[in-house]
Every structure is written in structure tokens, then in C-alpha cells.
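**Q** I'd like to ask some things about the structure below.
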Amino acid sequence: MKTLTITRPDDWHIHVRTGAILKTVLPHTARQFARAIIMPNLKPPVTTVAQALVYRDEILAALPEGADFMPLMTLYLTAATTLAEIQAAAASAHVYAFKLYPAGATTNSDAGVADIRAIYPLLAEMEKLAIPLLIHGEVTDEQCDIFDREKVFVDSQLSAITANFPALRIVLEHVTTEEAVQFVLAANANVAATITPQHLLFNRNAVLAGGIRPHYYCLPIIKRESHRQALLKAATSGNPKFFLGTDSAPHSTALKETACGCAGCYSAYAALELYAEAFESVNALDKLEAFASFYGADFYRLPRNTGTITLAKTSWLAPASFGADDLQITPLKANETLAWQLVAL
Ligand code: NCD
Ligand code: ZN
């Protein structure tokens with residue numbers, strides 16, 4: 001049987017939620033990844049180091065016995081974030097970045113930033129203290145077509161941020177367009193991007209053609225095929241600016257399968273399997289290890305992991321759902337065949 005062994009990977013962008021959902025999804029991530037950048041968009045959001053430490057304890061307590069996994073916490077940037085909080089975050093051993101959500105851009109982003117220029121003093125402090133800024137790169141203008149929101153953000157906001165703060169390390173999260181890829185490529189070495197499995201594997205037909213499929217709906221929304229091709233090329237190029245971030249974002253099946261469904265794909269249960277399928281589709285399995293296990297750690301200035309994981313080329317059926325009845329989560333590719341499988345340790 002064909003197998004692939006790589007250094008243990010990290011997930012540089014994930015939503016693990018809290019409470020019962022956390023308990024359901026966290027074991028999936030802890031099984032695959034050594035570390036993960038934990039998104040702070042809880043209700044209410046995680047805006048202070050003190051809150052992040054409480055959340056971190058909840059995550060550690062939800063880990064299965066013997067799991068070897070480290071949550072890397074982030075803080076949610078708001079107009080009310082203080083310089084003192086940035087200093088506290090930079091000094092904390094557990095907080096690794098700030099997350100910028102344009103207000104209203106995505107799930108639980110109401111408390112986000114409405115006017116990015118107004119927080120420039122905060123960005124200056126982050127630049128000075130060398131703490132990275134993670135960006136959900138979409139404008140929120142209702143007049144702007146949803147398929148254009150990332151491109152418009154890159155042109156109108158991100159270019160100004162990178163021009164004003166050249167030494168600020170920035171991750172443009174879950175890039176979905178050729179324009180975003182081009183921007184990251186042209187920017188200096190402080191600008192990087194994460195790429196999700198769904199944006200590498202699917203184009204918008206998966207969401208909208210032949211029926212509307214809510215479990216493929218996430219933000220930024222999956223784009224047309226030419227963008228998928230650009231993302232695949234970037235992810236498999238061996239360029240260290242592009243690394244793994246699943247954006248696994250669980251919502252209950254009930255909240256996805258409804259008249260106005262939530263944005264977010266649940267991929268953590270088979271994250272590496274999905275990436276392996278995408279990389280194999282362009283004969284680039286040899287590029288998976290650096291994308292999954294090296295470039296993100298290097299960007300965050302953390303040591304690369306030791307130890308390995310192994311994937312086997314063996315097809316299996318993705319489960320229909322995870323979790324108990326009152327908290328059912330339908331994963332990406334539910335009831336569909338996956339080509340690779342993580343070998344049990
Ligand atoms: C995320 C979520 O559900 O928290 N949803 C998503 O579609 N990606 C938020 C986000 O990362 O945009
Ligand atoms: Zn996300």
C-alpha cells in the first residue's frame with residue numbers, strides 16, 4: 001500500500017469553539033496536529049490575555065488522555081483594544097497573534113473593526129513588538145458582490161496596511177482568489193497566507209450547481225475554478241509564504257441546513273487526508289510536508305515539530321455526522337469517499 005510519512009504538522013487557523021462542540025471536535029485536531037492557532041471568535045469574543053488563558057485551560061481540559069497537542073491562542077482585535085493589551089499579549093507565553101475581522105464579515109464578527117485606519121496605532125504597536133496580525137480579508141460593504149469581497153479588501157485595505165507597516169508580520173487567512181495569491185507573492189517576506197482544504201479541492205459548483213450544498217458554504221466563499229487552480233499552484237509551489245490553515249469551522253447541522261445557514265466547513269476530522277488528495281491531484285505530494293509542517297512554524301518563529309505522522313492511500317467513507325443528536329455536526333464530504341487515511345498511531 002502506498003503511504004506518505006511527514007513531520008507532524010500544525011494547523012495555523014482553526015475554530016474549535018467551546019463547551020460541547022469543543023469536546024466533540026478537539027480530539028480530531030489533536031490526533032492530526034501538534035499545534036494549532038485557535039481563532040478567538042467566540043460569543044463573546046476572546047479579546048484579552050486573561051480570557052485567552054481561561055479559554056486555553058478549557059481546551060487543555062477537553063483533550064483526550066495522553067494527547068500531545070498545544071493550543072496557540074489569539075486575541076480578537078476590536079476598536080476598544082488597548083496598547084496595554086497588545087503589550088500583555090506580546091509578553092504572554094500563550095498568545096501568538098491578533099485576529100482582525102472587519103466588522104460583520106463572517107461568523108461572530110460583529111465586534112470586529114469597522115474602520116481599519118482607526119486601529120493603526122494598535123498595528124504600529126504590534127509591528128514594534130513583533131506579534132503577528134491575522135486577517136480575515138473581506139470587505140463588508142453590502143454593495144460589494146460576495147465573490148469580489150476578498151479582491152476588493154486586498155486592493156483597498158490590505159495594500160495600505162502592508163505599505164504602512166512593512167515590518168508587521170501578516171497572515172492573510174484562508175486566501176481564495178488569484179488576486180490574493182498575487183498580492184502575497186508580490187509583498188515582502190512578512191506577508192504570508194493560509195489555504196484551506198475546501199478551497200484547494202472545490203470550486204463554487206460544489207456549493208451551488210445541481211442543488212445548494214450548505215456544508216460547502218464558508219467565508220470567504222469558494223470561488224470559480226481559475227481561482228482554485230491559482231491556489232493549488234501556490235500551495236504546491238514550495239513557496240514558504242503559503243502554509244496550512246484548515247479554517248475548520250464547525251456549526252450544528254441544524255444551523256447549516258436552514259433558510260439562512262451559517263458559514264463554515266467542518267474539515268478537522270480528515271484535514272490531512274483532504275490536503276493529501278488536493279496535492280496528489282497535481283502530483284505534488286512531495287510538497288505537502290513543507291506546506292503542512294515547516295513553513296507555518298518558520299513564519300511564527302516556532303521550532304518545527306519532531307515526530308512523524310503517516311497517511312495511507314486507502315479509501316474510506318467519511319461519516320455522515322459527528323456528535324450527539326442535539327449537537328450533530330455534518331462534516332465536509334459527509335458520506336463521501338476519501339482517498340487517504342491517517343494511520344492510527
Ligand atoms: C468561520 C466560523 O464559523 O467561525 N466561518 C467560516 O466560514 N470560515 C469564521 C471565519 O473564519 O470566517
Ligand atoms: Zn476562520
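Ligands are numbered from 1 in the order shown, chains are lettered A, B, ... in the order of the C-alpha cells, and residues start at 1 in each chain.
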Just the residues within 7 Å of Asn335 in chain A, please, counting only C-alpha atoms, with nothing from its chain fewer than 3 positions along; format it as a count of residues only.
**A** 4
**Q** I need the residues of range 160-311 of chain A that end up classed as strand (DSSP E or B) by DSSP on the backbone, written out as a ChimeraX atom specification.
**A** /A:170-172,191-195,242-244,248,308-311
**Q** Would you return as an MDAnalysis selection string the members of range 43-171 of chain A that DSSP assigns to helix (DSSP H, G or I) on this structure's backbone?
**A** chainID A and resid 49:62 83:91 116:129 146:164
**Q** Fewer than 6 positions away in the same chain doesn't count, so skip those; otherwise give me all residues within 9 Å of Ala339 in chain A, counting only C-alpha atoms, as a list in words.
**A**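 Here the qualifying residues turn out to be Glu273, Leu274, Ala276, Glu277, Ala312, Lys313, Thr314, Ser315 and Trp316 of chain A.
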**Q** Would you put the residues from that selection into a file with C-alpha atoms, as a short mmCIF file (atom, residue, chain, number, x, y, z; two decimals), in the first residue's frame?
**A**
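Below is the file out31.cif, written as the result:
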```cif
data_model
loop_
_atom_site.label_atom_id
_atom_site.label_comp_id
_atom_site.auth_asym_id
_atom_site.auth_seq_id
_atom_site.Cartn_x
_atom_site.Cartn_y
_atom_site.Cartn_z
CA GLU A 273 -6.42 13.42 4.12
CA LEU A 274 -8.14 16.27 2.29
CA ALA A 276 -3.20 14.96 0.51
CA GLU A 277 -5.96 14.47 -2.03
CA ALA A 312 -2.03 5.56 3.72
CA LYS A 313 -3.63 5.54 0.28
CA THR A 314 -6.71 3.65 1.33
CA SER A 315 -10.24 4.75 0.58
CA TRP A 316 -12.81 5.09 3.35
#
```
**Q** Measuring between only C-alpha atoms, which one of A:Asp57, A:Glu85, A:Glu178, A:Glu173 shows the shortest distance to Met73 in chain A?
**A** A:Asp57
**Q** What's the 6 Å shell around range 225-230 of chain A, counting only C-alpha atoms, without same-chain residues fewer than 6 positions away, as a list in words?
**A**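 The residues satisfying every condition are Thr177, Glu178, Leu200 and Asn203 of chain A.
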